[in-house]
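Written below as structure tokens is the structure these notes are about.
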Amino acid sequence: MNEDAATNAGQRATAEAIERGGSGLGVTELLTLVMPATREPAGEERQLPPETPETPETPETPETPETPETPETPETPEALATPTPDVHSLADAIAAAAGRYLPEGRLAPDADFFDAGGSSVHAVELAADLERDLGVELDLDDVFADARPLSLARRWLRTNPGHEPHPAVAPPRPPAPAPQSAPAPAAQAAPTLAPQATSAFAAQTAPASTTRPAPAPAASPRPTSPAPHSGRTSARPEDLDQILADLALADRLPFVRSPEPLPPRRILLTGATGFLGGHLLLDLLRHSDAHVYCLVRGADEEAATARLAEQLRGYLLPWNAEVRRRVTVLPGDIRRPRLGLSEELWDTLAHELDAVVGVAAAVDFLRGYQSLRTSNVLGALTLAELAAAGRPKPLHHISSIAVFNEVGITSMGEDDPLAHVDNLVAGYDQSKWAAEVALRRARDHGLVVSALRPGGIGGHTKTGAHNPLDLSSGLISAFGRFRTVPAFRNLNVAPVDWVSRVAAAVVCEPDAWGFDYNLTGVPNTLDDVVRDMAFGGMHVRVHDWDEWRGDTLARLEAEPVPELTFLGRVLQSPTALKLCEATLTGPAAIAERTDALVEALGLPPAARYDARAQLKTFEKLADDGLARLPDKNDQPYLWFSETTEGSVRALPGGTAADGTRSPCSMSLTLSIASMHQLVKERRVDVTGEVVCPAAHPAPLTVEHGDVWVRPEEGIPQQHGMRHRLLRYRLRLRDADGRLWWLEGHKHAQARRDVWRQTRALTVELGREGEPATLTGEVVVPADSYVRDQIDGIQVAPHLTAREKRAAKLTWLAWFGLEMGRGLLGPFARAAADLLDLRRTPNTTEHHR
């Protein structure tokens with residue numbers, strides 16, 4: 001019994017040690033540590049340990065953080081063979097190199113490069129520096145997977161046995177004293193650590209802990225992951241071990257009673273500086289009476305407030321006196337113990353808040369689980385701790401549809417099983433999975449947790465504001481810019497204004513608390529996307545995935561777009577490619593509970609994120625250089641011919657102002673590059689030639705031409721019965737190279753010759769920079785109008801027969817409606833004058 005108790009105690013201590021950090025040991029070493037007296041026969045399968053430790057309470061004796069110099073378990077032969085001094089010397093050199101890219105100028109060997117302020121661009125530059133200065137060549141996937149210098153040093157020495165780094169690396173350090181009495185060196189302490197806290201997750205949430213990773217508990221054997229460049233198909237064993245340890249942290253939460261089912265009056269919101277969080281903040285203010293406390297990173301309240309204001313304005317959201325009156329900004333950090341708040345403020349929030357809304361997360365598809373867990377998993381557990389402390393309150397957690405991102409998954413319903421975590425390769429997918437599963441355990445303790453899972457978050461349908469770092473926005477930008485799309489099954493994308501509105505409804509409606517919701521809208525199929533982009537004049541070709549990826553990378557290299565740099569890195573990362581593959585080949589998300597909630601609350605129903613919804617976003621993407629809208633140089637989407645015949649005469653003051661009329665005709669091609677051009681500008685492009693002997697014996701070529709449909713739309717008409725239907729503006733060049741201009745108008749009048757009004761064009765012609773010298777009228781022959789402008793409509797040849805018919809009908813319906821509205825104006829005005837019996841006209845009024 002005593003021997004069993006000692007063994008269990010050792011295993012429990014080891015399991016709790018892994019909860020404080022990762023492990024560089026392999027399966028063999030771990031088995032040696034946990035079961036030194038037992039060896040399994042070769043080929044015999046080992047069983048996984050239970051996910052939840054039997055004794056979640058902390059050890060009786062407080063543990064002192066180990067110094068990084070301490071060797072790992074010298075009793076183990078494998079540990080004796082580990083070149084520990086070389087590991088730490090190399091880690092110090094890597095940390096020194098990484099510090100040059102950080103705001104604080106330094107990095108502890110066991111601190112995460114990204115948590116300390118590094119970016120993806122910095123990581124690429126750091127990898128190049130390490131290869132050049134230290135001779136340490138690391139795959140970028142390894143850097144992103146676990147960006148702690150100590151882990152990078154271990155990985156390089158493990159994969160390069162017998163190789164020595166550059167002489168610039170310091171020689172091995174002498175052994176450190178016993179870990180029980182040696183505190184972590186002050187020089188290695190993280191510069192932004194919070195004051196000492198007694199939070200259950202304090203040791204885990206510090207953003208830059210100097211505690212050296214302890215050995216992980218034993219795990220069942222898994223297939224050895226191939227090198228990153230070969231494309232891993234399963235999670236790293238060390239990541240799975242860490243995930244199991246992180247899940248066990250949820251069992252430390254206290255048991256709580258249910259909160260009062262009342263709409264919240266005081267809400268804590270994290271992530272308000274992000275794209276979804278900023279919109280959610282405004283929706284909470286618009287649709288409730290709550291006061292919102294926003295946790296924002298910043299040195300103090302003033303800096304945090306300025307950062308929030310800047311981000312909101314960047315997303316075209318208001319930051320006015322009314323918003324400021326109902327928002328309190330709390331400087332803090334989701335990665336720090338107790339959110340970086342003082343003990344007094346933490347206790348105050350615990351007793352006064354009515355709801356906690358967690359939107360903050362590190363969204364990076366390149367970084368690994370070890371790098372993302374502090375923000376995405378431990379941060380979520382810290383919010384759960386706050387929700388459970390003091391007065392019970394619900395926790396509304398913004399998860400992600402990425403919890404289903406397993407290649408080959410067949411269903412993504414709100415209550416369907418999540419993906420198998422060992423089949424999730426990307427660190428972002430793993431971290432969102434671990435956070436949601438950990439919070440499911442918190443539900444077992446009585447905590448009310450709502451999990452809201454957006455898919456891709458598209459731009460705002462009214463303002464066009466978008467998140468340039470969202471994968472869906474990046475893909476759509478590439479589709480529009482390069483006019484190619486990969487073959488995919490579904491895109492689960494919804495506009496941010498709809499996602500935010502539904503999320504705010506869940507927060508404010510007590511009957512909606514405690515369930516899982518898929519905020520994915522109506523999925524887009526490949527046919528939907530191709531048709532929408534064609535409707536916008538962006539005719540795209542469909543490639544298979546590998547062909548599209550290669551073509552997009554080649555174009556990004558030949559034509560760099562800074563805003564799409566992240567997409568290029570995603571397409572070059574084997575790990576991130578697995579995330580893309582799962583996203584593009586997965587099934588359509590099912591959102592039955594969300595749809596029922598939307599209907600019950602009378603909210604706008606989910607609608608497909610189609611061309612009309614994306615209109616403003618495409619314009620904003622084009623303004624930001626992320627996409628390219630159709631222009632005159634693109635292949636026309638639709639075109640037809642227009643032939644006019646008539647005559648002109650010289651105006652008084654001209655060289656031939658004798659009143660004689662000269663023939664004039666035009667042979668034009670009218671075209672549109674996209675339906676977006678019509679909806680946005682009501683403009684048609686013009687090419688062709690004008691034959692007018694009175695101006696020049698040879699035909700005049702149209703260099704640039706536009707036709708505006710109902711150009712005076714929105715301008716009040718004053719006492720007139722003659723409204724403009726169309727306005728022509730042409731820039732012409734004659735055979736001698738001289739430039740001319742022509743302006744023409746079709747007018748609507750309250751007369752019976754409506755058919756002729758739609759065909760007659762009053763024109764003026766003159767030299768560029770000079771007044772008109774010729775004027776007259778040209779008319780489209782009645783027999784050619786239907787033949788050329790209806791039956792003769794041509795559509796881009798690469799469209800299918802069905803798409804061609806749709807394009808023709810769309811054009812005819814739109815143009816017919818515009819002409820009808822234009823013709824109706826004069827008749828409506830005439831009818832109003834005839835029926836105006838409201839008063840007796842006075843003597844000064846002009847009678848028509």
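For the structure tokens, the naming scheme is as follows: chains receive sequential letters (A, B, ...) according to their order of presentation, residues are indexed from 1 within each chain, and ligands are indexed from 1 in presentation order.
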Next item on the list: Would you please extract all helix (DSSP H, G or I) residues from stretch 634-828 of chain A, as assigned by DSSP on the backbone, and give them as a PyMOL selection string?
Entry: chain A and resi 675-681+754-757+782-789+801-828
Go ahead and dump the residues you just picked, N, CA and C atoms, as a short mmCIF file (atom, residue, chain, number, x, y, z; two decimals), in the first residue's frame.
data_model
loop_
_atom_site.label_atom_id
_atom_site.label_comp_id
_atom_site.auth_asym_id
_atom_site.auth_seq_id
_atom_site.Cartn_x
_atom_site.Cartn_y
_atom_site.Cartn_z
N MET A 675 -21.84 44.07 -63.10
CA MET A 675 -23.08 44.60 -62.56
C MET A 675 -22.79 45.57 -61.42
N HIS A 676 -21.65 45.40 -60.75
CA HIS A 676 -21.25 46.35 -59.71
C HIS A 676 -21.15 47.74 -60.30
N GLN A 677 -20.66 47.85 -61.51
CA GLN A 677 -20.54 49.14 -62.19
C GLN A 677 -21.91 49.81 -62.35
N LEU A 678 -22.93 49.01 -62.65
CA LEU A 678 -24.27 49.58 -62.80
C LEU A 678 -24.85 49.98 -61.45
N VAL A 679 -24.74 49.09 -60.48
CA VAL A 679 -25.34 49.35 -59.18
C VAL A 679 -24.68 50.55 -58.51
N LYS A 680 -23.37 50.66 -58.64
CA LYS A 680 -22.63 51.71 -57.95
C LYS A 680 -22.67 53.03 -58.71
N GLU A 681 -22.47 53.00 -60.04
CA GLU A 681 -22.30 54.23 -60.80
C GLU A 681 -23.40 54.49 -61.82
N VAL A 754 -43.39 58.30 -76.60
CA VAL A 754 -42.45 57.70 -75.64
C VAL A 754 -41.42 56.83 -76.37
N TRP A 755 -41.84 56.08 -77.36
CA TRP A 755 -40.92 55.18 -78.08
C TRP A 755 -39.79 55.97 -78.71
N ARG A 756 -40.11 57.13 -79.31
CA ARG A 756 -39.05 57.93 -79.93
C ARG A 756 -38.14 58.56 -78.88
N GLN A 757 -38.71 58.92 -77.73
CA GLN A 757 -37.90 59.55 -76.69
C GLN A 757 -36.76 58.62 -76.24
N ALA A 782 -35.69 52.52 -85.70
CA ALA A 782 -36.62 51.63 -85.00
C ALA A 782 -36.37 50.18 -85.32
N ASP A 783 -35.98 49.88 -86.55
CA ASP A 783 -35.79 48.47 -86.92
C ASP A 783 -34.52 47.87 -86.35
N SER A 784 -33.58 48.71 -85.93
CA SER A 784 -32.32 48.18 -85.39
C SER A 784 -32.29 48.15 -83.86
N TYR A 785 -33.23 48.81 -83.22
CA TYR A 785 -33.18 48.89 -81.76
C TYR A 785 -33.31 47.51 -81.13
N VAL A 786 -34.37 46.81 -81.49
CA VAL A 786 -34.57 45.48 -80.90
C VAL A 786 -33.50 44.52 -81.38
N ARG A 787 -33.13 44.63 -82.66
CA ARG A 787 -32.14 43.71 -83.21
C ARG A 787 -30.78 43.85 -82.51
N ASP A 788 -30.35 45.10 -82.28
CA ASP A 788 -29.02 45.32 -81.71
C ASP A 788 -29.01 45.32 -80.19
N GLN A 789 -29.97 45.98 -79.56
CA GLN A 789 -29.89 46.24 -78.13
C GLN A 789 -30.66 45.24 -77.27
N ALA A 801 -24.03 28.70 -70.35
CA ALA A 801 -25.26 29.15 -71.01
C ALA A 801 -26.25 29.70 -69.98
N ARG A 802 -26.31 29.06 -68.83
CA ARG A 802 -27.23 29.54 -67.79
C ARG A 802 -26.80 30.90 -67.28
N GLU A 803 -25.51 31.09 -67.07
CA GLU A 803 -25.01 32.38 -66.59
C GLU A 803 -25.22 33.47 -67.64
N LYS A 804 -25.10 33.11 -68.93
CA LYS A 804 -25.33 34.10 -69.98
C LYS A 804 -26.78 34.57 -69.98
N ARG A 805 -27.70 33.62 -69.84
CA ARG A 805 -29.12 34.01 -69.80
C ARG A 805 -29.40 34.90 -68.59
N ALA A 806 -28.82 34.53 -67.46
CA ALA A 806 -29.02 35.33 -66.25
C ALA A 806 -28.46 36.74 -66.43
N ALA A 807 -27.29 36.85 -67.08
CA ALA A 807 -26.69 38.16 -67.31
C ALA A 807 -27.58 39.02 -68.19
N LYS A 808 -28.10 38.47 -69.27
CA LYS A 808 -28.97 39.23 -70.17
C LYS A 808 -30.23 39.69 -69.45
N LEU A 809 -30.88 38.76 -68.75
CA LEU A 809 -32.11 39.12 -68.06
C LEU A 809 -31.86 40.16 -66.98
N THR A 810 -30.74 40.04 -66.28
CA THR A 810 -30.42 41.02 -65.23
C THR A 810 -30.24 42.40 -65.82
N TRP A 811 -29.49 42.48 -66.93
CA TRP A 811 -29.28 43.78 -67.60
C TRP A 811 -30.60 44.36 -68.10
N LEU A 812 -31.40 43.57 -68.78
CA LEU A 812 -32.64 44.08 -69.33
C LEU A 812 -33.60 44.51 -68.23
N ALA A 813 -33.65 43.74 -67.15
CA ALA A 813 -34.54 44.10 -66.04
C ALA A 813 -34.07 45.41 -65.40
N TRP A 814 -32.77 45.53 -65.18
CA TRP A 814 -32.25 46.75 -64.54
C TRP A 814 -32.45 47.96 -65.44
N PHE A 815 -32.07 47.84 -66.72
CA PHE A 815 -32.16 48.98 -67.64
C PHE A 815 -33.63 49.35 -67.88
N GLY A 816 -34.50 48.34 -68.04
CA GLY A 816 -35.91 48.64 -68.23
C GLY A 816 -36.51 49.36 -67.04
N LEU A 817 -36.14 48.94 -65.83
CA LEU A 817 -36.64 49.60 -64.63
C LEU A 817 -36.18 51.05 -64.57
N GLU A 818 -34.91 51.29 -64.89
CA GLU A 818 -34.39 52.65 -64.85
C GLU A 818 -35.08 53.53 -65.89
N MET A 819 -35.28 53.01 -67.09
CA MET A 819 -35.98 53.78 -68.12
C MET A 819 -37.43 54.05 -67.70
N GLY A 820 -38.06 53.06 -67.13
CA GLY A 820 -39.44 53.26 -66.68
C GLY A 820 -39.54 54.34 -65.62
N ARG A 821 -38.61 54.33 -64.67
CA ARG A 821 -38.61 55.37 -63.64
C ARG A 821 -38.35 56.74 -64.23
N GLY A 822 -37.43 56.79 -65.24
CA GLY A 822 -37.14 58.07 -65.86
C GLY A 822 -38.32 58.62 -66.64
N LEU A 823 -39.03 57.76 -67.37
CA LEU A 823 -40.17 58.19 -68.16
C LEU A 823 -41.36 58.55 -67.29
N LEU A 824 -41.47 57.90 -66.14
CA LEU A 824 -42.62 58.14 -65.27
C LEU A 824 -42.58 59.53 -64.64
N GLY A 825 -41.38 60.06 -64.42
CA GLY A 825 -41.25 61.36 -63.74
C GLY A 825 -42.03 62.48 -64.39
N PRO A 826 -41.81 62.77 -65.67
CA PRO A 826 -42.55 63.88 -66.30
C PRO A 826 -44.06 63.68 -66.29
N PHE A 827 -44.51 62.43 -66.53
CA PHE A 827 -45.94 62.18 -66.53
C PHE A 827 -46.53 62.36 -65.13
N ALA A 828 -45.81 61.92 -64.11
CA ALA A 828 -46.31 62.11 -62.74
C ALA A 828 -46.38 63.59 -62.40
#
Do you have, as JSON lines, the list of residues of stretch 419-514 of chain A lying at most 12 Å from stretch 560-584 of chain A, each with its nearest atom pair and that distance in Å to one decimal, counting only C-alpha atoms and ordered by chain then number?
{"residue": "A:Ala419", "atom": "CA", "partner": "A:Ala582", "partner_atom": "CA", "distance": 10.9}
{"residue": "A:Asn423", "atom": "CA", "partner": "A:Lys578", "partner_atom": "CA", "distance": 10.0}
{"residue": "A:Leu424", "atom": "CA", "partner": "A:Leu579", "partner_atom": "CA", "distance": 8.2}
{"residue": "A:Val425", "atom": "CA", "partner": "A:Thr575", "partner_atom": "CA", "distance": 6.1}
{"residue": "A:Ala426", "atom": "CA", "partner": "A:Thr575", "partner_atom": "CA", "distance": 5.6}
{"residue": "A:Gly427", "atom": "CA", "partner": "A:Thr575", "partner_atom": "CA", "distance": 8.4}
{"residue": "A:Tyr428", "atom": "CA", "partner": "A:Leu579", "partner_atom": "CA", "distance": 8.9}
{"residue": "A:Asp429", "atom": "CA", "partner": "A:Leu579", "partner_atom": "CA", "distance": 7.7}
{"residue": "A:Gln430", "atom": "CA", "partner": "A:Leu579", "partner_atom": "CA", "distance": 10.6}
{"residue": "A:Gly455", "atom": "CA", "partner": "A:Thr583", "partner_atom": "CA", "distance": 9.4}
{"residue": "A:Gly456", "atom": "CA", "partner": "A:Thr583", "partner_atom": "CA", "distance": 9.6}
{"residue": "A:Asn467", "atom": "CA", "partner": "A:Glu563", "partner_atom": "CA", "distance": 10.6}
{"residue": "A:Pro468", "atom": "CA", "partner": "A:Glu563", "partner_atom": "CA", "distance": 6.9}
{"residue": "A:Leu469", "atom": "CA", "partner": "A:Phe566", "partner_atom": "CA", "distance": 7.2}
{"residue": "A:Asp470", "atom": "CA", "partner": "A:Leu567", "partner_atom": "CA", "distance": 9.3}
{"residue": "A:Leu471", "atom": "CA", "partner": "A:Leu567", "partner_atom": "CA", "distance": 7.4}
{"residue": "A:Ser472", "atom": "CA", "partner": "A:Thr583", "partner_atom": "CA", "distance": 9.7}
{"residue": "A:Ser473", "atom": "CA", "partner": "A:Leu567", "partner_atom": "CA", "distance": 9.8}
{"residue": "A:Gly474", "atom": "CA", "partner": "A:Leu567", "partner_atom": "CA", "distance": 6.2}
{"residue": "A:Leu475", "atom": "CA", "partner": "A:Leu567", "partner_atom": "CA", "distance": 7.7}
{"residue": "A:Ile476", "atom": "CA", "partner": "A:Leu567", "partner_atom": "CA", "distance": 10.9}
{"residue": "A:Ser477", "atom": "CA", "partner": "A:Leu564", "partner_atom": "CA", "distance": 8.3}
{"residue": "A:Ala478", "atom": "CA", "partner": "A:Leu564", "partner_atom": "CA", "distance": 8.1}
{"residue": "A:Phe479", "atom": "CA", "partner": "A:Leu564", "partner_atom": "CA", "distance": 11.8}
{"residue": "A:Arg481", "atom": "CA", "partner": "A:Val561", "partner_atom": "CA", "distance": 10.2}
{"residue": "A:Phe482", "atom": "CA", "partner": "A:Val561", "partner_atom": "CA", "distance": 11.7}
{"residue": "A:Val485", "atom": "CA", "partner": "A:Leu584", "partner_atom": "CA", "distance": 11.1}
{"residue": "A:Pro486", "atom": "CA", "partner": "A:Leu584", "partner_atom": "CA", "distance": 8.7}
{"residue": "A:Ala487", "atom": "CA", "partner": "A:Leu584", "partner_atom": "CA", "distance": 8.1}
{"residue": "A:Phe488", "atom": "CA", "partner": "A:Leu584", "partner_atom": "CA", "distance": 5.0}
{"residue": "A:Arg489", "atom": "CA", "partner": "A:Leu584", "partner_atom": "CA", "distance": 6.0}
{"residue": "A:Asn490", "atom": "CA", "partner": "A:Leu584", "partner_atom": "CA", "distance": 6.2}
{"residue": "A:Leu491", "atom": "CA", "partner": "A:Leu584", "partner_atom": "CA", "distance": 6.6}
{"residue": "A:Asn492", "atom": "CA", "partner": "A:Thr583", "partner_atom": "CA", "distance": 8.4}
{"residue": "A:Val493", "atom": "CA", "partner": "A:Thr583", "partner_atom": "CA", "distance": 10.8}
Output the selection as an mmCIF file, in the first residue's frame - C-alpha atoms for each residue.
data_model
loop_
_atom_site.group_PDB
_atom_site.id
_atom_site.type_symbol
_atom_site.label_atom_id
_atom_site.label_comp_id
_atom_site.auth_asym_id
_atom_site.auth_seq_id
_atom_site.Cartn_x
_atom_site.Cartn_y
_atom_site.Cartn_z
ATOM 1 C CA ALA A 419 -13.102 16.827 -34.032
ATOM 2 C CA ASN A 423 -6.269 14.892 -35.905
ATOM 3 C CA LEU A 424 -6.048 18.664 -35.489
ATOM 4 C CA VAL A 425 -2.690 19.834 -36.779
ATOM 5 C CA ALA A 426 -2.889 23.641 -36.598
ATOM 6 C CA GLY A 427 -2.198 25.191 -33.223
ATOM 7 C CA TYR A 428 -5.142 27.589 -33.567
ATOM 8 C CA ASP A 429 -7.582 24.704 -34.081
ATOM 9 C CA GLN A 430 -6.105 22.840 -31.124
ATOM 10 C CA GLY A 455 -16.992 30.600 -39.031
ATOM 11 C CA GLY A 456 -15.296 33.047 -41.333
ATOM 12 C CA ASN A 467 -10.677 42.241 -40.904
ATOM 13 C CA PRO A 468 -7.659 42.028 -43.234
ATOM 14 C CA LEU A 469 -6.140 39.202 -41.160
ATOM 15 C CA ASP A 470 -9.205 36.963 -41.287
ATOM 16 C CA LEU A 471 -8.522 33.880 -43.414
ATOM 17 C CA SER A 472 -11.859 34.167 -45.212
ATOM 18 C CA SER A 473 -11.233 37.832 -46.052
ATOM 19 C CA GLY A 474 -7.756 36.917 -47.282
ATOM 20 C CA LEU A 475 -9.109 34.174 -49.516
ATOM 21 C CA ILE A 476 -11.895 36.368 -50.921
ATOM 22 C CA SER A 477 -9.366 39.146 -51.530
ATOM 23 C CA ALA A 478 -7.148 36.738 -53.458
ATOM 24 C CA PHE A 479 -10.149 35.481 -55.435
ATOM 25 C CA ARG A 481 -7.480 40.139 -57.160
ATOM 26 C CA PHE A 482 -6.186 37.179 -59.132
ATOM 27 C CA VAL A 485 -10.632 30.213 -56.980
ATOM 28 C CA PRO A 486 -9.750 26.756 -55.653
ATOM 29 C CA ALA A 487 -12.312 24.005 -55.863
ATOM 30 C CA PHE A 488 -14.006 23.764 -52.464
ATOM 31 C CA ARG A 489 -17.212 22.408 -50.961
ATOM 32 C CA ASN A 490 -18.418 25.156 -48.635
ATOM 33 C CA LEU A 491 -17.353 28.460 -47.152
ATOM 34 C CA ASN A 492 -19.008 28.966 -43.772
ATOM 35 C CA VAL A 493 -18.865 32.770 -43.790
#
Next item on the list: Go through A:Val323, A:Ile267, A:Ala98, A:Ala147 and flag the residue nearest A:Ala350, using only C-alpha atoms for the distances.
Entry: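 The answer is A:Ile267, which sits nearest to A:Ala350.
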Note to self: From the options A:Asp283, A:Asp347, A:Asp86, A:Glu768, which residue's atoms come nearest to A:Ala503, counting only C-alpha atoms?
What the structure shows: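 Smallest separation from A:Ala503 among the options: A:Asp283.
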Item checked: Residues flagged strand (DSSP E) by DSSP in stretch 277-406 of chain A, as a ChimeraX atom specification -> /A:291-296,327-331,355-358,395-398
Would you write out those residues with C-alpha atoms, as a PDB file, in the first residue's frame?
ATOM      1  CA  HIS A 291     -22.636  49.217 -18.718  1.00  0.00           C
ATOM      2  CA  VAL A 292     -19.676  47.455 -20.345  1.00  0.00           C
ATOM      3  CA  TYR A 293     -16.234  47.027 -18.792  1.00  0.00           C
ATOM      4  CA  CYS A 294     -13.659  46.514 -21.557  1.00  0.00           C
ATOM      5  CA  LEU A 295     -10.396  44.748 -20.742  1.00  0.00           C
ATOM      6  CA  VAL A 296      -7.775  46.352 -23.002  1.00  0.00           C
ATOM      7  CA  VAL A 327     -17.918  52.069 -21.215  1.00  0.00           C
ATOM      8  CA  THR A 328     -15.235  51.672 -18.564  1.00  0.00           C
ATOM      9  CA  VAL A 329     -11.805  50.707 -19.852  1.00  0.00           C
ATOM     10  CA  LEU A 330      -9.740  48.417 -17.624  1.00  0.00           C
ATOM     11  CA  PRO A 331      -6.034  48.110 -18.502  1.00  0.00           C
ATOM     12  CA  ALA A 355     -21.972  38.492 -17.233  1.00  0.00           C
ATOM     13  CA  VAL A 356     -18.524  37.782 -18.673  1.00  0.00           C
ATOM     14  CA  VAL A 357     -18.033  37.802 -22.449  1.00  0.00           C
ATOM     15  CA  GLY A 358     -14.746  36.400 -23.747  1.00  0.00           C
ATOM     16  CA  LEU A 395     -19.693  33.084 -19.256  1.00  0.00           C
ATOM     17  CA  HIS A 396     -20.226  33.647 -22.979  1.00  0.00           C
ATOM     18  CA  HIS A 397     -17.230  32.258 -24.825  1.00  0.00           C
ATOM     19  CA  ILE A 398     -16.531  33.086 -28.474  1.00  0.00           C
TER      20      ILE A 398
END
Note to self: For a quick check of understanding, using only C-alpha atoms, which of A:Pro392, A:Thr484, A:Leu240, A:Ala361 has the smallest distance to A:Arg555?
What the structure shows: A:Thr484
Checklist line | Contact residues around A:Glu743 with only C-alpha atoms at 7 Å, ignoring same-chain residues under 6 positions, as a list in words | finding: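 What passes the distance filter is Tyr728, Arg729, Leu730, Val763, Glu764 and Leu765 of chain A.
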Please produce a file of the residues just selected, as an mmCIF file, in the first residue's frame, where the atoms kept are C-alpha atoms.
data_model
loop_
_atom_site.group_PDB
_atom_site.id
_atom_site.type_symbol
_atom_site.label_atom_id
_atom_site.label_comp_id
_atom_site.auth_asym_id
_atom_site.auth_seq_id
_atom_site.Cartn_x
_atom_site.Cartn_y
_atom_site.Cartn_z
ATOM 1 C CA TYR A 728 -23.351 60.577 -73.317
ATOM 2 C CA ARG A 729 -19.833 61.969 -72.931
ATOM 3 C CA LEU A 730 -17.279 60.979 -75.562
ATOM 4 C CA VAL A 763 -25.838 66.095 -79.381
ATOM 5 C CA GLU A 764 -23.260 68.877 -79.229
ATOM 6 C CA LEU A 765 -19.776 68.604 -80.739
#
Notebook entry, point to check: What does the distance from atom CA of A:Arg154 to atom CA of A:Val124 come to in Å, to one decimal?
Noted result: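 Separation of atom CA of A:Arg154 and atom CA of A:Val124: 19.3 Å.
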Margin query: Quick one: residues within 8 Å of A:Ser641, only C-alpha atoms, excluding same-chain residues fewer than 6 positions away - as a list in words?
Written below: Ser667, Leu668, Thr669, Leu670, Asp788, Gln789, Gly792 and Ile793 of chain A
Please produce a file of those selected residues containing N, CA and C atoms, as a short mmCIF file (atom, residue, chain, number, x, y, z; two decimals), in the first residue's frame.
data_model
loop_
_atom_site.label_atom_id
_atom_site.label_comp_id
_atom_site.auth_asym_id
_atom_site.auth_seq_id
_atom_site.Cartn_x
_atom_site.Cartn_y
_atom_site.Cartn_z
N SER A 667 -21.58 54.85 -84.69
CA SER A 667 -21.57 53.39 -84.56
C SER A 667 -20.83 53.06 -83.27
N LEU A 668 -21.56 52.77 -82.22
CA LEU A 668 -20.98 52.61 -80.90
C LEU A 668 -21.18 51.19 -80.38
N THR A 669 -20.29 50.79 -79.45
CA THR A 669 -20.44 49.56 -78.69
C THR A 669 -20.55 49.95 -77.23
N LEU A 670 -21.66 49.62 -76.61
CA LEU A 670 -21.88 49.91 -75.20
C LEU A 670 -21.61 48.64 -74.40
N ASP A 788 -30.35 45.10 -82.28
CA ASP A 788 -29.02 45.32 -81.71
C ASP A 788 -29.01 45.32 -80.19
N GLN A 789 -29.97 45.98 -79.56
CA GLN A 789 -29.89 46.24 -78.13
C GLN A 789 -30.66 45.24 -77.27
N GLY A 792 -29.33 41.37 -79.82
CA GLY A 792 -27.90 41.36 -80.12
C GLY A 792 -26.99 41.47 -78.92
N ILE A 793 -27.52 41.33 -77.72
CA ILE A 793 -26.68 41.42 -76.52
C ILE A 793 -25.69 40.26 -76.49
#
Check: With distances taken over only C-alpha atoms, which of A:Glu712, A:Asp528, A:Glu777, A:Glu406 is nearest to A:Leu725?
Finding: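 Looking only at the distances to A:Leu725, the closest residue turns out to be A:Glu712.
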Check: In Å to one decimal, how far is atom CA of A:Asp146 from atom CA of A:Ile243?
Finding: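 Separating atom CA of A:Ile243 from atom CA of A:Asp146 is a distance of 13.8 Å.
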List the neighbours of A:Ser400 out to 12 Å using only C-alpha atoms; skip same-chain residues closer than 2 positions along the sequence, and give me the result as a short mmCIF file (atom, residue, chain, number, x, y, z; two decimals) with C-alpha atoms, in the first residue's frame.
data_model
loop_
_atom_site.label_atom_id
_atom_site.label_comp_id
_atom_site.auth_asym_id
_atom_site.auth_seq_id
_atom_site.Cartn_x
_atom_site.Cartn_y
_atom_site.Cartn_z
CA VAL A 359 -13.90 37.45 -27.31
CA ALA A 361 -7.99 35.38 -28.56
CA VAL A 363 -5.83 34.41 -34.03
CA ASN A 376 -6.68 31.03 -25.97
CA HIS A 397 -17.23 32.26 -24.83
CA ILE A 398 -16.53 33.09 -28.47
CA ALA A 402 -12.44 25.46 -36.13
CA VAL A 403 -13.25 22.98 -33.35
CA PHE A 404 -14.53 20.79 -36.21
CA ASN A 405 -11.48 21.34 -38.46
CA MET A 412 -20.80 20.16 -38.06
CA GLU A 414 -24.24 22.52 -32.87
CA LEU A 418 -16.12 17.88 -32.02
CA TYR A 428 -5.14 27.59 -33.57
CA ASP A 429 -7.58 24.70 -34.08
CA GLN A 430 -6.10 22.84 -31.12
CA SER A 431 -6.31 25.86 -28.82
CA LYS A 432 -9.96 26.61 -29.67
CA TRP A 433 -10.80 22.93 -29.19
CA ALA A 434 -9.03 22.78 -25.83
CA ALA A 435 -10.72 25.97 -24.60
CA GLU A 436 -14.21 24.77 -25.49
CA ALA A 451 -20.16 28.63 -26.67
CA LEU A 452 -20.63 30.76 -29.78
CA ARG A 453 -18.83 29.46 -32.87
CA PRO A 454 -18.41 31.87 -35.77
CA GLY A 455 -16.99 30.60 -39.03
CA GLY A 456 -15.30 33.05 -41.33
CA ILE A 457 -16.30 36.59 -40.39
CA ASN A 492 -19.01 28.97 -43.77
CA VAL A 493 -18.86 32.77 -43.79
CA VAL A 499 -22.63 37.56 -36.16
CA ASP A 516 -23.72 25.96 -28.12
CA TYR A 517 -24.41 28.08 -31.21
CA ASN A 518 -22.98 27.99 -34.73
CA LEU A 519 -22.88 31.61 -35.93
CA THR A 520 -22.01 30.63 -39.48
CA THR A 583 -11.89 24.54 -44.05
CA ALA A 589 -22.23 24.00 -40.76
#
